[in-house]
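**Student:** My file is query34.txt. It has compact mmCIF, C-alpha atoms and all ligand atoms:
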```txt
# COMPACT_ATOMS: atom_id res chain seq x y z
CA MET A 169 39.54 63.03 27.17
CA ARG A 170 41.29 65.48 29.50
CA SER A 171 44.75 65.02 27.96
CA LEU A 172 43.19 65.40 24.55
CA PHE A 173 41.80 68.78 25.58
CA LEU A 174 45.20 69.87 26.88
CA ALA A 175 46.74 68.98 23.52
CA LEU A 176 44.10 70.97 21.65
CA LEU A 177 44.88 73.99 23.84
CA ALA A 178 48.66 73.72 23.45
CA ASP A 179 49.09 76.21 20.59
CA GLU A 180 46.12 78.49 20.96
CA SER A 181 43.45 79.32 23.43
CA ARG A 182 40.03 78.05 22.42
CA HIS A 183 36.49 78.07 23.67
CA GLY A 184 34.41 74.95 24.15
CA TYR A 185 32.77 75.04 20.76
CA GLU A 186 36.12 75.28 19.00
CA ILE A 187 37.33 72.19 20.86
CA LYS A 188 34.22 70.34 19.73
CA GLN A 189 34.86 71.39 16.13
CA ALA A 190 38.51 70.35 16.27
CA LEU A 191 37.55 66.86 17.49
CA GLU A 192 34.85 66.50 14.88
CA GLN A 193 37.22 67.53 12.15
CA GLU A 194 39.52 64.60 12.97
CA PHE A 195 36.92 61.92 13.59
CA GLY A 196 33.86 63.08 11.67
CA ASP A 197 30.61 61.14 11.70
CA GLN A 198 32.10 58.28 13.65
CA LEU A 199 32.28 60.42 16.77
CA PRO A 200 29.07 60.44 18.76
CA ALA A 201 27.45 63.87 18.67
CA LEU A 202 29.45 65.66 21.35
CA ASN A 203 27.22 67.37 23.80
CA ALA A 204 28.11 70.74 25.14
CA GLY A 205 27.64 69.54 28.72
CA GLN A 206 30.48 66.99 28.45
CA ILE A 207 32.82 69.57 26.97
CA TYR A 208 32.06 72.24 29.52
CA SER A 209 32.24 69.89 32.49
CA THR A 210 35.63 68.59 31.31
CA LEU A 211 36.90 72.15 30.93
CA ALA A 212 35.52 73.05 34.35
CA ARG A 213 37.33 70.11 35.94
CA LEU A 214 40.58 71.02 34.19
CA GLU A 215 40.20 74.57 35.50
CA ARG A 216 39.43 73.38 39.00
CA ASP A 217 42.62 71.29 38.93
CA GLY A 218 44.64 74.28 37.77
CA LEU A 219 45.59 72.83 34.37
CA VAL A 220 43.77 75.46 32.32
CA VAL A 221 42.55 78.94 33.03
CA GLY A 222 39.43 80.43 31.51
CA GLN A 223 38.61 83.99 30.69
CA SER A 224 35.13 85.25 29.82
CA ILE A 225 34.90 87.56 26.85
CA GLU A 226 31.99 89.25 25.13
CA GLY A 227 31.21 87.55 21.81
CA ASP A 228 29.08 88.86 18.96
CA ASN A 229 25.86 87.97 20.62
CA ARG A 230 26.81 86.06 23.73
CA ARG A 231 29.57 85.65 26.24
CA LYS A 232 32.04 82.83 25.77
CA ARG A 233 34.76 81.48 27.95
CA VAL A 234 38.16 81.05 26.33
CA TYR A 235 40.63 78.61 27.87
CA GLU A 236 44.40 78.41 27.83
CA LEU A 237 46.98 76.11 29.38
CA THR A 238 48.60 76.99 32.69
CA GLU A 239 52.20 76.04 33.54
CA ALA A 240 50.86 72.98 35.33
CA GLY A 241 48.72 72.15 32.31
CA ARG A 242 51.72 72.36 30.01
CA ALA A 243 53.72 70.10 32.34
CA ALA A 244 50.87 67.59 32.41
CA LEU A 245 50.72 67.67 28.63
CA THR A 246 54.49 67.13 28.37
CA GLY A 247 54.21 64.19 30.74
CA TRP A 248 51.45 62.71 28.59
CA ILE A 249 53.47 63.23 25.41
CA GLU A 250 56.57 61.60 26.87
CA THR A 251 54.89 58.56 28.41
CA PRO A 252 53.89 55.74 26.06
CA VAL A 253 50.50 54.26 26.86
CA PRO A 254 50.69 50.86 28.58
CA GLY A 255 51.24 47.97 26.18
CA THR A 256 49.78 45.10 28.14
CA ARG A 257 46.08 44.51 28.13
CA LEU A 258 45.48 42.23 31.01
CA LYS A 259 42.03 43.57 31.66
CA ASP A 260 39.50 41.58 29.74
CA GLU A 261 35.87 41.74 30.67
CA PHE A 262 34.87 38.60 28.82
CA PHE A 263 37.61 36.49 30.36
CA MET A 264 36.68 37.57 33.90
CA LYS A 265 33.04 36.88 33.13
CA LEU A 266 33.84 33.43 31.76
CA VAL A 267 36.04 32.36 34.66
CA ILE A 268 33.64 33.56 37.33
CA LEU A 269 30.47 32.27 35.70
CA ALA A 270 32.06 28.92 34.89
CA SER A 271 33.44 28.32 38.36
CA ALA A 272 30.14 29.33 39.95
CA GLY A 273 28.33 26.98 37.55
CA LEU A 274 26.07 29.81 36.43
CA ALA A 275 26.61 29.45 32.69
CA GLU A 276 27.83 26.97 30.12
CA PRO A 277 31.33 28.05 28.97
CA LYS A 278 30.80 26.72 25.47
CA ALA A 279 27.68 28.85 25.06
CA LEU A 280 29.41 31.93 26.49
CA ILE A 281 32.29 31.50 24.06
CA ALA A 282 29.96 30.97 21.10
CA GLY A 283 27.99 34.09 21.99
CA GLN A 284 31.15 36.12 22.40
CA ARG A 285 32.52 34.86 19.09
CA ARG A 286 29.35 36.10 17.36
CA GLU A 287 29.68 39.51 18.96
CA TYR A 288 33.32 39.82 17.88
CA LEU A 289 32.49 38.74 14.32
CA GLN A 290 29.61 41.19 14.14
CA SER A 291 31.83 44.02 15.47
CA LEU A 292 34.47 43.12 12.92
CA ARG A 293 31.82 43.28 10.20
CA ASP A 294 30.62 46.68 11.45
CA LEU A 295 34.13 48.13 11.45
CA ASP A 296 35.01 46.60 8.10
CA ALA A 297 31.91 48.18 6.56
CA MET A 298 32.91 51.52 8.05
CA VAL A 299 36.42 51.47 6.58
CA SER A 300 35.15 50.18 3.22
CA ALA A 301 32.61 52.98 2.94
CA ASP A 302 33.67 56.22 1.29
CA GLY A 303 33.95 59.35 3.28
CA SER A 304 35.18 58.21 6.67
CA ARG A 305 37.97 60.34 8.14
CA PRO A 306 41.54 59.02 7.92
CA ALA A 307 41.97 59.17 11.70
CA ALA A 308 38.72 57.32 12.34
CA GLU A 309 39.60 54.78 9.67
CA LEU A 310 42.98 54.04 11.22
CA LEU A 311 41.42 53.67 14.63
CA ALA A 312 38.95 51.19 13.12
CA GLU A 313 41.76 49.26 11.40
CA GLY A 314 43.44 48.94 14.79
CA ALA A 315 40.22 47.73 16.38
CA ILE A 316 39.86 45.16 13.56
CA LEU A 317 43.33 43.78 14.28
CA HIS A 318 42.51 43.55 17.97
CA LEU A 319 39.26 41.75 17.20
CA LYS A 320 41.13 39.25 15.03
CA ALA A 321 43.40 38.59 18.00
CA ASP A 322 40.40 38.32 20.33
CA LEU A 323 38.83 35.73 18.03
CA GLU A 324 42.06 33.75 17.99
CA TRP A 325 42.21 34.01 21.76
CA LEU A 326 38.67 32.60 22.05
CA ASP A 327 39.83 29.53 20.11
CA LEU A 328 42.74 29.14 22.49
CA ILE A 329 40.51 29.53 25.54
CA GLU A 330 38.12 26.96 24.15
CA GLN A 331 40.96 24.47 23.67
CA ARG A 332 42.81 25.07 26.90
CA LEU A 333 40.63 26.21 29.73
CA PRO A 334 39.42 23.34 31.88
CA MET A 335 35.86 24.46 31.83
CA GLN A 336 34.14 21.78 33.80
CA ARG A 337 33.37 22.68 37.35
CA GLU A 338 35.82 20.96 39.70
CA PRO A 339 33.99 18.15 41.49
CA ALA A 340 33.64 19.07 45.15
CA MET B 497 12.93 27.15 -3.33
CA THR B 498 15.45 24.38 -4.04
CA PRO B 499 18.68 25.05 -2.15
CA VAL B 500 21.78 25.61 -4.26
CA LEU B 501 23.71 23.07 -2.26
CA GLU B 502 22.76 20.60 0.41
CA THR B 503 24.57 17.92 2.37
CA ARG B 504 22.83 15.19 4.32
CA ARG B 505 24.62 13.23 7.05
CA LEU B 506 27.79 13.75 5.08
CA ALA B 507 30.81 11.77 6.26
CA LYS B 508 34.34 11.07 5.11
CA THR B 509 36.82 8.64 6.62
CA TYR B 510 40.38 8.47 5.32
CA ASP B 511 42.22 5.19 5.60
CA THR B 512 45.90 5.78 6.13
CA GLY B 513 47.76 2.54 6.49
CA GLY B 514 45.59 0.92 9.13
CA THR B 515 44.55 4.03 11.06
CA GLN B 516 41.29 5.73 10.21
CA VAL B 517 40.87 9.49 10.20
CA LEU B 518 37.27 10.62 10.68
CA ALA B 519 37.63 13.91 8.80
CA VAL B 520 33.90 14.67 8.41
CA ARG B 521 31.50 12.95 10.77
CA GLY B 522 27.93 13.72 9.71
CA ILE B 523 27.29 17.23 8.43
CA ASP B 524 23.90 18.61 7.39
CA LEU B 525 24.24 21.92 5.65
CA THR B 526 21.87 23.80 3.38
CA ILE B 527 23.04 26.73 1.27
CA SER B 528 20.32 28.89 -0.25
CA ARG B 529 20.56 30.96 -3.39
CA GLY B 530 22.33 34.27 -2.85
CA GLU B 531 23.84 33.32 0.51
CA PHE B 532 27.42 34.21 1.39
CA VAL B 533 28.59 31.53 3.83
CA ALA B 534 31.97 31.23 5.55
CA ILE B 535 33.26 27.95 6.98
CA VAL B 536 35.73 28.41 9.83
CA GLY B 537 37.37 26.27 12.48
CA PRO B 538 40.76 25.11 13.69
CA SER B 539 43.26 23.39 11.42
CA GLY B 540 42.32 19.79 10.73
CA CYS B 541 38.62 20.15 11.63
CA GLY B 542 37.55 19.05 8.14
CA LYS B 543 36.88 22.29 6.25
CA SER B 544 38.74 21.40 3.04
CA THR B 545 37.44 17.86 3.13
CA LEU B 546 33.88 19.17 3.37
CA LEU B 547 34.42 21.57 0.49
CA ASN B 548 35.97 18.85 -1.69
CA LEU B 549 33.07 16.51 -0.97
CA MET B 550 30.57 19.21 -1.85
CA ALA B 551 32.34 19.87 -5.13
CA GLY B 552 32.63 16.18 -6.01
CA LEU B 553 36.43 16.47 -5.91
CA ASP B 554 36.54 13.72 -3.32
CA ARG B 555 34.31 10.67 -2.76
CA VAL B 556 31.96 10.54 0.22
CA THR B 557 32.15 7.70 2.73
CA ALA B 558 28.52 8.14 3.73
CA GLY B 559 25.72 10.64 3.28
CA GLU B 560 24.56 12.68 0.31
CA VAL B 561 25.44 15.84 -1.61
CA TRP B 562 22.77 17.65 -3.61
CA LEU B 563 23.59 20.40 -6.05
CA GLY B 564 20.69 22.38 -7.46
CA GLY B 565 18.22 19.61 -6.61
CA ARG B 566 20.33 16.84 -8.12
CA ARG B 567 22.14 14.22 -6.13
CA ILE B 568 25.80 14.25 -7.19
CA ASP B 569 27.72 12.06 -4.76
CA GLN B 570 27.24 8.95 -6.88
CA LEU B 571 27.87 10.44 -10.32
CA SER B 572 30.65 9.10 -12.51
CA GLU B 573 33.88 11.09 -12.81
CA THR B 574 32.87 12.26 -16.28
CA ALA B 575 29.47 13.44 -15.14
CA LEU B 576 31.03 15.16 -12.13
CA ALA B 577 33.56 16.95 -14.29
CA ARG B 578 30.80 18.20 -16.58
CA MET B 579 28.69 19.29 -13.61
CA ARG B 580 31.62 21.23 -12.12
CA ARG B 581 32.41 22.99 -15.38
CA GLN B 582 28.85 24.19 -15.70
CA LYS B 583 27.71 24.87 -12.17
CA VAL B 584 30.63 25.43 -9.82
CA GLY B 585 33.39 28.02 -9.66
CA PHE B 586 36.53 27.51 -7.59
CA VAL B 587 39.16 29.70 -6.02
CA PHE B 588 42.03 28.18 -4.10
CA GLN B 589 44.78 29.44 -1.85
CA PHE B 590 47.46 28.96 -4.49
CA PHE B 591 45.50 30.42 -7.42
CA ASN B 592 46.05 27.29 -9.60
CA LEU B 593 46.25 29.18 -12.87
CA MET B 594 47.56 27.39 -15.96
CA PRO B 595 51.16 28.63 -16.06
CA THR B 596 51.53 28.43 -19.83
CA LEU B 597 48.39 30.41 -20.58
CA SER B 598 48.02 34.19 -20.40
CA ALA B 599 45.60 35.83 -17.97
CA ILE B 600 42.84 36.15 -20.55
CA GLU B 601 43.36 32.60 -21.83
CA ASN B 602 42.98 31.30 -18.29
CA VAL B 603 39.65 33.07 -18.00
CA GLU B 604 38.48 31.91 -21.45
CA LEU B 605 39.28 28.30 -20.80
CA PRO B 606 36.18 27.36 -18.79
CA LEU B 607 34.01 29.10 -21.39
CA LEU B 608 35.60 27.18 -24.26
CA LEU B 609 35.30 23.94 -22.31
CA VAL B 610 31.52 24.30 -22.16
CA GLY B 611 31.44 24.93 -25.90
CA ARG B 612 31.19 28.72 -26.20
CA HIS B 613 32.51 30.28 -29.39
CA ARG B 614 35.99 31.74 -29.38
CA LYS B 615 34.87 35.33 -29.99
CA GLU B 616 32.12 35.11 -27.40
CA ALA B 617 34.56 33.66 -24.85
CA ARG B 618 37.12 36.39 -25.54
CA ASP B 619 34.51 39.13 -25.05
CA ALA B 620 33.19 37.64 -21.82
CA ALA B 621 36.73 37.10 -20.48
CA SER B 622 37.79 40.67 -21.20
CA ARG B 623 34.64 42.01 -19.52
CA LEU B 624 35.41 39.95 -16.42
CA LEU B 625 39.03 41.04 -16.29
CA ASP B 626 37.97 44.67 -16.73
CA ASP B 627 35.50 44.33 -13.86
CA LEU B 628 38.27 43.09 -11.60
CA GLY B 629 40.61 45.93 -12.53
CA LEU B 630 42.88 43.87 -14.79
CA GLU B 631 42.24 45.65 -18.10
CA ASP B 632 45.97 46.06 -18.76
CA LYS B 633 46.96 42.49 -17.85
CA TYR B 634 45.23 40.42 -20.56
CA ASP B 635 48.43 39.03 -22.00
CA ALA B 636 50.47 38.65 -18.84
CA ALA B 637 51.57 35.15 -17.85
CA PRO B 638 50.66 34.14 -14.27
CA SER B 639 54.35 34.33 -13.33
CA GLN B 640 54.34 38.01 -14.32
CA LEU B 641 51.47 38.83 -11.96
CA SER B 642 51.49 39.58 -8.23
CA GLY B 643 49.69 37.19 -5.89
CA GLY B 644 46.76 39.57 -5.60
CA GLU B 645 46.51 39.89 -9.38
CA GLN B 646 46.73 36.12 -9.86
CA GLN B 647 43.92 35.66 -7.39
CA ARG B 648 41.80 38.21 -9.25
CA VAL B 649 42.41 36.30 -12.50
CA ALA B 650 41.43 33.10 -10.68
CA LEU B 651 38.29 34.84 -9.48
CA ALA B 652 37.44 35.99 -13.00
CA ARG B 653 37.96 32.41 -14.22
CA ALA B 654 35.74 31.07 -11.43
CA LEU B 655 32.97 33.52 -12.27
CA ALA B 656 33.20 33.03 -16.05
CA ASN B 657 30.41 30.48 -16.34
CA THR B 658 28.14 32.34 -13.89
CA PRO B 659 28.31 29.34 -11.57
CA ASP B 660 25.43 28.42 -9.29
CA ILE B 661 27.91 28.54 -6.45
CA LEU B 662 31.41 29.89 -5.98
CA LEU B 663 33.50 27.69 -3.68
CA GLY B 664 36.73 28.95 -2.17
CA ASP B 665 39.38 27.30 -0.02
CA GLU B 666 41.38 30.02 1.74
CA PRO B 667 41.08 32.48 -1.16
CA THR B 668 43.07 35.09 0.78
CA GLY B 669 45.33 32.59 2.53
CA ASN B 670 48.39 33.45 0.51
CA LEU B 671 47.89 37.20 0.16
CA ASP B 672 49.11 40.19 2.16
CA SER B 673 46.52 42.28 3.90
CA ALA B 674 46.15 44.87 1.13
CA SER B 675 45.58 42.23 -1.57
CA SER B 676 43.26 40.33 0.77
CA ARG B 677 41.13 43.42 1.13
CA GLU B 678 40.95 43.85 -2.64
CA VAL B 679 39.92 40.26 -3.16
CA LEU B 680 37.42 40.53 -0.32
CA ALA B 681 35.90 43.64 -1.88
CA LEU B 682 35.46 41.69 -5.14
CA LEU B 683 33.88 38.75 -3.36
CA ARG B 684 31.48 41.15 -1.66
CA ALA B 685 30.66 42.74 -4.99
CA ALA B 686 29.91 39.30 -6.45
CA ARG B 687 27.58 38.61 -3.52
CA ASP B 688 25.86 41.96 -4.08
CA ARG B 689 25.15 40.86 -7.65
CA GLY B 690 23.44 37.76 -6.29
CA GLN B 691 26.30 35.24 -6.54
CA THR B 692 26.09 32.41 -4.00
CA LEU B 693 29.39 32.00 -2.16
CA LEU B 694 30.81 29.38 0.16
CA LEU B 695 34.30 30.08 1.46
CA VAL B 696 36.56 28.17 3.79
CA THR B 697 38.75 30.68 5.58
CA HIS B 698 41.10 31.28 8.49
CA ASP B 699 40.83 35.00 7.91
CA THR B 700 38.26 36.29 10.38
CA ARG B 701 37.89 39.48 8.38
CA VAL B 702 36.70 37.41 5.41
CA ALA B 703 34.43 35.38 7.70
CA ALA B 704 32.92 38.57 9.11
CA ALA B 705 32.03 39.73 5.60
CA ALA B 706 29.87 36.63 5.11
CA ASP B 707 26.19 36.67 6.04
CA ARG B 708 26.47 33.34 7.79
CA VAL B 709 29.39 31.74 9.62
CA VAL B 710 29.55 27.97 10.14
CA THR B 711 32.14 26.79 12.67
CA LEU B 712 33.41 23.21 12.46
CA ARG B 713 35.06 21.20 15.24
CA ASP B 714 36.36 17.68 14.78
CA GLY B 715 34.37 17.06 11.62
CA LEU B 716 31.06 18.35 12.97
CA VAL B 717 29.17 21.65 12.87
CA ASN B 718 29.83 23.37 16.18
CA ASP B 719 28.04 26.65 15.50
CA ASP B 720 26.00 28.08 12.64
CA THR B 721 25.23 31.74 13.01
CA GLU B 722 23.81 34.55 10.87
CA LEU B 723 25.43 37.96 11.04
CA GLN B 724 23.32 41.10 10.81
CA ALA B 725 23.82 43.93 8.37
CA ALA B 726 26.68 46.12 9.55
CA ARG B 727 25.73 48.41 12.42
CA PRO B 728 26.90 52.03 12.45
CA VAL B 729 30.11 52.56 14.39
CA THR B 730 30.73 55.38 16.83
CA LEU B 731 34.01 56.01 18.56
CA PRO B 732 34.11 56.32 22.31
CA LEU B 733 34.61 59.87 23.49
CA ASP B 734 37.65 58.95 25.52
CA ALA B 735 39.45 57.44 22.51
CA GLY B 736 42.26 59.91 23.00
CA GLY B 737 43.61 58.90 26.38
CA PRO B 738 42.87 58.67 30.06
CA VAL B 739 40.08 60.87 31.27
N1 LIG C 801 43.95 12.71 1.66
C1 LIG C 801 43.96 12.52 2.98
N2 LIG C 801 44.39 11.37 3.52
C2 LIG C 801 44.40 11.15 4.84
N3 LIG C 801 43.97 12.05 5.77
C3 LIG C 801 43.52 13.22 5.30
C4 LIG C 801 43.50 13.53 3.90
N4 LIG C 801 43.01 14.77 3.76
C5 LIG C 801 42.74 15.22 4.98
N5 LIG C 801 43.05 14.31 5.93
C6 LIG C 801 42.85 14.43 7.38
O1 LIG C 801 41.51 14.79 7.62
C7 LIG C 801 41.39 15.76 8.62
C8 LIG C 801 40.71 17.01 8.09
O2 LIG C 801 41.54 17.61 7.11
P1 LIG C 801 41.13 18.92 6.32
O3 LIG C 801 42.18 19.13 5.29
O4 LIG C 801 39.73 18.81 5.87
O5 LIG C 801 41.26 20.02 7.46
P2 LIG C 801 41.08 21.60 7.36
O6 LIG C 801 40.01 21.97 8.30
O7 LIG C 801 40.92 22.01 5.94
O8 LIG C 801 42.48 22.10 7.94
P3 LIG C 801 43.36 23.37 7.52
O9 LIG C 801 42.71 24.54 8.18
O10 LIG C 801 44.69 23.08 8.14
O11 LIG C 801 43.40 23.47 6.04
C9 LIG C 801 42.82 16.01 9.12
O12 LIG C 801 43.03 15.24 10.26
C10 LIG C 801 43.66 15.56 7.97
O13 LIG C 801 44.91 15.10 8.43
MG MG C 802 42.12 23.16 4.59
```
Go ahead and express the file in the form of structure tokens.
Ligand SMILES: Nc1ncnc2c1ncn2[C@@H]1O[C@H](COP(=O)(O)OP(=O)(O)OP(=O)(O)O)[C@@H](O)[C@H]1O
Ligand SMILES: [Mg+2]
**Tutor:**
Amino acid sequence: MRSLFLALLADESRHGYEIKQALEQEFGDQLPALNAGQIYSTLARLERDGLVVGQSIEGDNRRKRVYELTEAGRAALTGWIETPVPGTRLKDEFFMKLVILASAGLAEPKALIAGQRREYLQSLRDLDAMVSADGSRPAAELLAEGAILHLKADLEWLDLIEQRLPMQREPA
Amino acid sequence: MTPVLETRRLAKTYDTGGTQVLAVRGIDLTISRGEFVAIVGPSGCGKSTLLNLMAGLDRVTAGEVWLGGRRIDQLSETALARMRRQKVGFVFQFFNLMPTLSAIENVELPLLLVGRHRKEARDAASRLLDDLGLEDKYDAAPSQLSGGEQQRVALARALANTPDILLGDEPTGNLDSASSREVLALLRAARDRGQTLLLVTHDTRVAAAADRVVTLRDGLVNDDTELQAARPVTLPLDAGGPV
């Protein structure tokens, strides 16, 4: 979320509430209600690390703190812009869970896979309903379409795991 | 209530020059009215065989098939054909429209075959095509339609006789993702109107739209699970990059 904040501060200084509004404008209802605490603590950490600087000004009825990027903040933002996010996804919670539980003999692999398949199908259904409904934001919809494609791959991967993984415990 | 479709200990063995293929090895499945069921599983696990047995398109080796409370696996070919015309709708991967008939004639055909009057059939067929967004394609030949449009005509044809059950074998298997989504939306709409649906599919997005997903492995039911109504989705706060 920190880099996202830097990007939102690139062109204009904003206060916390304006950052919240900018995020909600892109993602709409699909974003969990942002709480002020999360926004202010992120801004405070960015300020502590010297990436933004805040200035308190008197508002209409209360004081607000307006933030802008520092040189270091702009450099961090540039670095973020220029670096593609990693393409490999070798972290997979389910796979780790399966391998460890199966080798320890704590769970039946077939049952774990079946349960996981249900969860993926249900998630796919949830996302599909979201993108089929009217009124979701384009950005949120595209994010959901991406998640759907990943879930399709995850489901295919489960089939592969089921076929290939030697899932009986090695006899001692 | 009587299930729409039921199989009991259903089995099919193919004899291919000495070797036997156990395609379906004892499947009990009950489909209730209004259900939307997807059949999934790896290639060769028996999905199409099961569907063909349930529709009376193929002969069972053992077991029973019941459609609307009537046992059908021992009916004559003529009786089966009549039963299918009246009670079952089909959509296939390759649309299977009559190439020499126009879109609207393809949709009328099943209505005429069960003895409806020409005018009545024409009205019903145009209503169906309109519902599926094909109001300007009545006179197009199948070869003049895109894959997605052909599949929508096939869907209109399958729904023409308000079948007790709509059976589909990979209905989106030959479509790009945009056309698949259109066809899926129409299948969902049919379900919402109370149509019973049973679809064989490799497309997990189609499977996830069903209310119940049956997974086959090696000719047997491996999993049979109900999905819940869609849950609301919220995006993680850190969707935009490393915190
Ligand atoms: N007419 C036939 N003669 C001989 N064997 C057949 C026949 N039809 C199907 N089989 C065999 O029966 C098994 C199940 O085939 P089926 O077509 O039902 O699989 P499927 O699950 O529909 O696969 P796919 O996802 O590839 O369409 C396979 O081993 C197949 O080779
Ligand atoms: Mg098949």
**Student:** To check your reading of the model: which residues sit at most 8 Å from ligand MG 802 (chain C) when counting all atoms listed in the file? Write the answer as a ChimeraX atom specification.
**Tutor:** /B:539-540,542-545,665-666,696
**Student:** So the first atom is CA of Ile527 in chain B and the second is CA of Leu694 in chain B; what is the distance between them in Å, to one decimal place?
**Tutor:** 8.3 Å
**Student:** Expressed in Å to a single decimal, how great is the separation between CA of Asn203 in chain A and CA of Leu310 in chain A?
**Tutor:**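 Answer for the CA of Asn203 in chain A to CA of Leu310 in chain A separation: 24.2 Å.
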**Student:** At a cut-off of 6 Å, list the chain A residues touching chain B, using all atoms listed in the file, as a PyMOL selection string.
**Tutor:** chain A and resi 169-170+172+198-200+289+293-294
**Student:** Under the rule that only C-alpha atoms are counted, which of B:Arg580, B:Ser639, B:Ile600, B:Leu663 is the nearest residue to Ala534 in chain B?
**Tutor:** B:Leu663
**Student:** Given the choices B:Thr574, B:Leu628, B:Gly514, B:Leu597, which gets closest to Ala685 in chain B if the distance is worked out from only C-alpha atoms?
**Tutor:**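 With only C-alpha atoms as the atom set, the closest residue is B:Leu628.
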**Student:** Near Ala519 in chain B, within 10 Å and counting only C-alpha atoms, which residues show up once chain neighbours fewer than 2 positions away are dropped, as a list in words?
**Tutor:**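 Answer for this query is Ala507, Lys508, Thr509, Tyr510, Gln516, Val517, Arg521, Gly522, Gly540, Cys541, Gly542, Lys543, Ser544, Thr545, Leu546, Asp714, Gly715 and Leu716 of chain B.
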**Student:** Which is closer to ligand LIG 801 (chain C) than all the others in B:Met550, B:Leu525, B:Val533, B:Leu671, using all atoms listed in the file?
**Tutor:** B:Met550
**Student:** What does the distance from atom O11 of ligand LIG 801 (chain C) to CA of Gly643 in chain B come to in Å, to one decimal?
**Tutor:**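 Straight-line distance from atom O11 of ligand LIG 801 (chain C) to CA of Gly643 in chain B works out to 19.2 Å.
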**Student:** Excluding same-chain residues fewer than 4 positions from Thr246 in chain A, what lies within 12 Å of it counting all atoms listed in the file, as a list of chain:residue names?
**Tutor:**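 After dropping sequence-adjacent residues, the list is A:Ser171, A:Leu174, A:Ala175, A:Ala178, A:Leu237, A:Glu239, A:Ala240, A:Gly241, A:Arg242, A:Glu250, A:Thr251, A:Pro252.
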